[in-house]
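J.: Provided herewith is a single structure, encoded as structure tokens, for subsequent inquiry.
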Amino acid sequence: MNFQQQIEESSQFLAAKGIPNTAVGIVLGTGLGILAEELDLKIEIPYSEIPHFPKVTIEYQKGRLLYGLFQGKPVLMFQGRFHAYEGLTYFEITYPIRLMNALGVKTVVLSNAAGALNLSFKKGGLMLIEDHINMQGGSPLAEKGTEVLGNRFVDMIEPYSKRLNDKAVQIAEELEEELYRGVYTAVLGPQLETRAEYRFLKLIGTDAVGMSTVPEVIVANQLAMEVVAFSVLTDLCDPDDLQPIDIKDIMAAAKTAEKKLIRIVKVLILSL
């Protein structure tokens, strides 16, 4: 069974469960988890029940597909995402995006946790991703068998929708929420970077670094889906003053940024 057939079987299963074609899809990464609590939930399906869906390997990931109304607007939410460091293929990592597309999604909202290399940013801040650098050593379009999924030579001149980014900036201004803008670099992980690696990442133009998002954005662009993505800045990565990881501090910073992100994304979704 090829990749396209797997996606078709998954989407047929979900359609039989009552999930209709939906225009907006959200991957509930760091910063957006609270959105699930505000969804007027109509259908909830564990990932484990969906044919061909990857298995969740991270303990704190819930692994659920949610369909419902967000302040009256129908949305699909994928609660639990996948990373290259879990030992998964890029097809598995990006399966939620391909499934969204099969279910009619045209707009994708993503978020992640990231370390800020731009020292003008603040911990607990929020960055709108304007561009990215892929340092994961692979691509979801480079795997054997992906030729059945569409054009593999995808133009990445505008991976993040300028229309949606402009809208997000305008909303942030209206809400008086500080929203940084910058370049996100995706690395493999799961270990954090050395001082030398942080210096290198700054040298090539990185504003924030993390371990996700880019594979999903590549596939969304292949499928002509509009993307908007945000980084929750959980720590400052100053190679000249690098501090040991403090999980409590990182979680506190994430919660500070989450409040800002939720306010912006709520208005953004309603404007789509």
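Identifiers in this document derive from the order of the structure tokens: chains are assigned A, B, ..., residues are numbered from 1 separately in each chain, and ligands are numbered from 1 in order of occurrence.
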For the contact check between segment 237-268 of chain A and segment 164-183 of chain A, emit one row per residue of segment 237-268 of chain A within 8 Å, containing the shortest atom pair and the distance in Å rounded to one decimal, counting only C-alpha atoms, chain then rising number order, as a Markdown table.
T.:
| residue | atom | partner | partner_atom | distance |
| --- | --- | --- | --- | --- |
| A:Lys260 | CA | A:Glu177 | CA | 6.5 |
| A:Arg263 | CA | A:Leu175 | CA | 7.9 |
| A:Ile264 | CA | A:Ala172 | CA | 6.1 |
| A:Val265 | CA | A:Ala168 | CA | 7.9 |
| A:Val267 | CA | A:Ile171 | CA | 7.2 |
| A:Leu268 | CA | A:Ala168 | CA | 6.5 |
J.: As an mmCIF file with C-alpha atoms, in the first residue's frame, please: every residue in segment 26-229 of chain A that a backbone DSSP assignment puts in alpha helix (DSSP H).
T.:
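Result written to result.cif:
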data_model
loop_
_atom_site.group_PDB
_atom_site.id
_atom_site.type_symbol
_atom_site.label_atom_id
_atom_site.label_comp_id
_atom_site.auth_asym_id
_atom_site.auth_seq_id
_atom_site.Cartn_x
_atom_site.Cartn_y
_atom_site.Cartn_z
ATOM 1 C CA TYR A 90 9.211 12.357 7.796
ATOM 2 C CA PHE A 91 6.063 10.865 6.266
ATOM 3 C CA GLU A 92 4.947 9.914 9.782
ATOM 4 C CA ILE A 93 5.950 13.287 11.244
ATOM 5 C CA TYR A 95 0.948 12.725 8.496
ATOM 6 C CA PRO A 96 -1.406 15.128 10.346
ATOM 7 C CA ILE A 97 -0.804 17.806 7.700
ATOM 8 C CA ARG A 98 -1.510 15.422 4.826
ATOM 9 C CA LEU A 99 -4.625 14.207 6.587
ATOM 10 C CA MET A 100 -5.768 17.788 7.171
ATOM 11 C CA ASN A 101 -5.431 18.424 3.454
ATOM 12 C CA ALA A 102 -7.480 15.312 2.645
ATOM 13 C CA LYS A 162 2.395 36.951 4.137
ATOM 14 C CA ARG A 163 -1.356 37.577 4.223
ATOM 15 C CA LEU A 164 -1.763 35.690 7.496
ATOM 16 C CA ASN A 165 1.436 37.115 8.969
ATOM 17 C CA ASP A 166 0.289 40.658 8.235
ATOM 18 C CA LYS A 167 -3.038 39.836 9.851
ATOM 19 C CA ALA A 168 -1.299 38.414 12.950
ATOM 20 C CA VAL A 169 0.867 41.535 13.296
ATOM 21 C CA GLN A 170 -2.186 43.782 12.997
ATOM 22 C CA ILE A 171 -4.082 41.757 15.605
ATOM 23 C CA ALA A 172 -1.127 41.879 18.006
ATOM 24 C CA GLU A 173 -0.950 45.649 17.623
ATOM 25 C CA GLU A 174 -4.680 46.013 18.274
ATOM 26 C CA LEU A 175 -4.414 43.803 21.365
ATOM 27 C CA ARG A 195 27.884 27.066 22.816
ATOM 28 C CA ALA A 196 29.619 26.585 19.463
ATOM 29 C CA GLU A 197 26.382 25.457 17.847
ATOM 30 C CA TYR A 198 24.509 28.490 19.175
ATOM 31 C CA ARG A 199 27.226 30.747 17.768
ATOM 32 C CA PHE A 200 26.910 29.020 14.393
ATOM 33 C CA LEU A 201 23.117 29.313 14.391
ATOM 34 C CA LYS A 202 23.348 33.035 15.160
ATOM 35 C CA LEU A 203 25.897 33.441 12.378
ATOM 36 C CA VAL A 214 9.652 22.895 9.513
ATOM 37 C CA PRO A 215 8.744 19.432 8.128
ATOM 38 C CA GLU A 216 5.043 20.268 8.560
ATOM 39 C CA VAL A 217 5.492 23.620 6.824
ATOM 40 C CA ILE A 218 7.299 22.003 3.877
ATOM 41 C CA VAL A 219 4.419 19.574 3.343
ATOM 42 C CA ALA A 220 1.789 22.295 3.769
ATOM 43 C CA ASN A 221 3.527 24.274 1.030
ATOM 44 C CA GLN A 222 3.623 21.211 -1.219
#
J.: Using only C-alpha atoms, what does the table of segment 157-224 of chain A residues within 6 Å of segment 133-150 of chain A look like, with each row giving the shortest atom pair and its distance in Å to one decimal, sorted by chain and ascending number, as JSON lines?
T.:
{"residue": "A:Thr185", "atom": "CA", "partner": "A:Ile133", "partner_atom": "CA", "distance": 4.6}
{"residue": "A:Ala186", "atom": "CA", "partner": "A:Asn134", "partner_atom": "CA", "distance": 5.3}
{"residue": "A:Val187", "atom": "CA", "partner": "A:Gln136", "partner_atom": "CA", "distance": 4.7}
{"residue": "A:Leu188", "atom": "CA", "partner": "A:Gln136", "partner_atom": "CA", "distance": 4.6}
J.: Point out the residue among A:Met127, A:Leu32, A:Ala16, A:Val154 with the least atom-to-atom distance to Ile50 of chain A, counting only C-alpha atoms.
T.: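 Using only C-alpha atoms, Ile50 of chain A sits closest to A:Ala16.
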J.: For Arg81 of chain A, find every residue with an atom within 8 Å (counting only C-alpha atoms), except residues of its own chain fewer than 4 positions away, and show them as a list in words.
T.: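 That gives Val27, Leu28, Gly29, Val56, Gln61, Gly63 and Ile93 of chain A.
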J.: Run DSSP on the backbone and tell me which residues of segment 56-264 of chain A come out as strand (DSSP E or B); list them as a PyMOL selection string.
T.: chain A and resi 64-70+73-79+107-116+126-135+180-187+208-210+226-236
J.: Which residues of segment 211-240 of chain A have any atom within 12 Å of an atom in segment 247-252 of chain A when counting only C-alpha atoms, and what is the closest pair of atoms for each, with the distance in Å to one decimal? Order the rows by chain and rising number and write it as JSON lines.
T.:
{"residue": "A:Val232", "atom": "CA", "partner": "A:Ile250", "partner_atom": "CA", "distance": 10.4}
{"residue": "A:Leu233", "atom": "CA", "partner": "A:Ile250", "partner_atom": "CA", "distance": 8.9}
{"residue": "A:Thr234", "atom": "CA", "partner": "A:Ile250", "partner_atom": "CA", "distance": 5.1}
{"residue": "A:Asp235", "atom": "CA", "partner": "A:Ile250", "partner_atom": "CA", "distance": 6.3}
{"residue": "A:Leu236", "atom": "CA", "partner": "A:Ile250", "partner_atom": "CA", "distance": 9.9}
J.: Could you please take those selected residues and save N, CA and C atoms as a PDB file, in the first residue's frame?
T.:
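Result file follows (result23.pdb):
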ATOM      1  N   VAL A 232       6.897  30.090  20.868  1.00  0.00           N
ATOM      2  CA  VAL A 232       6.863  30.490  22.275  1.00  0.00           C
ATOM      3  C   VAL A 232       8.309  30.456  22.773  1.00  0.00           C
ATOM      4  N   LEU A 233       8.835  31.586  23.201  1.00  0.00           N
ATOM      5  CA  LEU A 233      10.252  31.701  23.551  1.00  0.00           C
ATOM      6  C   LEU A 233      10.452  31.349  25.029  1.00  0.00           C
ATOM      7  N   THR A 234      10.960  30.146  25.255  1.00  0.00           N
ATOM      8  CA  THR A 234      11.044  29.623  26.621  1.00  0.00           C
ATOM      9  C   THR A 234      12.364  29.942  27.319  1.00  0.00           C
ATOM     10  N   ASP A 235      13.390  30.296  26.542  1.00  0.00           N
ATOM     11  CA  ASP A 235      14.668  30.633  27.171  1.00  0.00           C
ATOM     12  C   ASP A 235      15.513  31.458  26.222  1.00  0.00           C
ATOM     13  N   LEU A 236      16.530  32.113  26.784  1.00  0.00           N
ATOM     14  CA  LEU A 236      17.486  32.884  25.991  1.00  0.00           C
ATOM     15  C   LEU A 236      18.756  32.058  25.826  1.00  0.00           C
TER      16      LEU A 236
END
J.: Let me make sure I understand: among A:Gly68, A:Pro244, A:Gly210, A:Gly189, which one has the smallest atom-to-atom distance to Gly18 of chain A if we use only C-alpha atoms?
T.: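 Ranked by minimum distance to Gly18 of chain A, first place goes to A:Gly68.
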J.: Check the smallest atom-to-atom distance from each of A:Val109, A:Ile45, A:Leu88, A:Leu35 to Ser10 of chain A using only C-alpha atoms, then report the winner.
T.: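 Closest to Ser10 of chain A of all the choices is A:Ile45.
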J.: Counting only C-alpha atoms, what are the residues of segment 106-131 of chain A within 12 Å of segment 240-243 of chain A, and for each of them which pair of atoms is the nearest and at what distance in Å, to one decimal? Sort the table by chain and rising number, as CSV.
T.:
residue,atom,partner,partner_atom,distance
A:Gly115,CA,A:Leu242,CA,11.7
A:Ala116,CA,A:Leu242,CA,12.0
A:Leu117,CA,A:Leu242,CA,11.1
A:Leu119,CA,A:Asp241,CA,11.2
J.: Considering only C-alpha atoms, state which residue in the set A:Asn118, A:Gln5, A:Thr206, A:Thr107 is at the smallest distance from Val75 of chain A.
T.: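 Result for the nearest residue to Val75 of chain A: A:Thr107.
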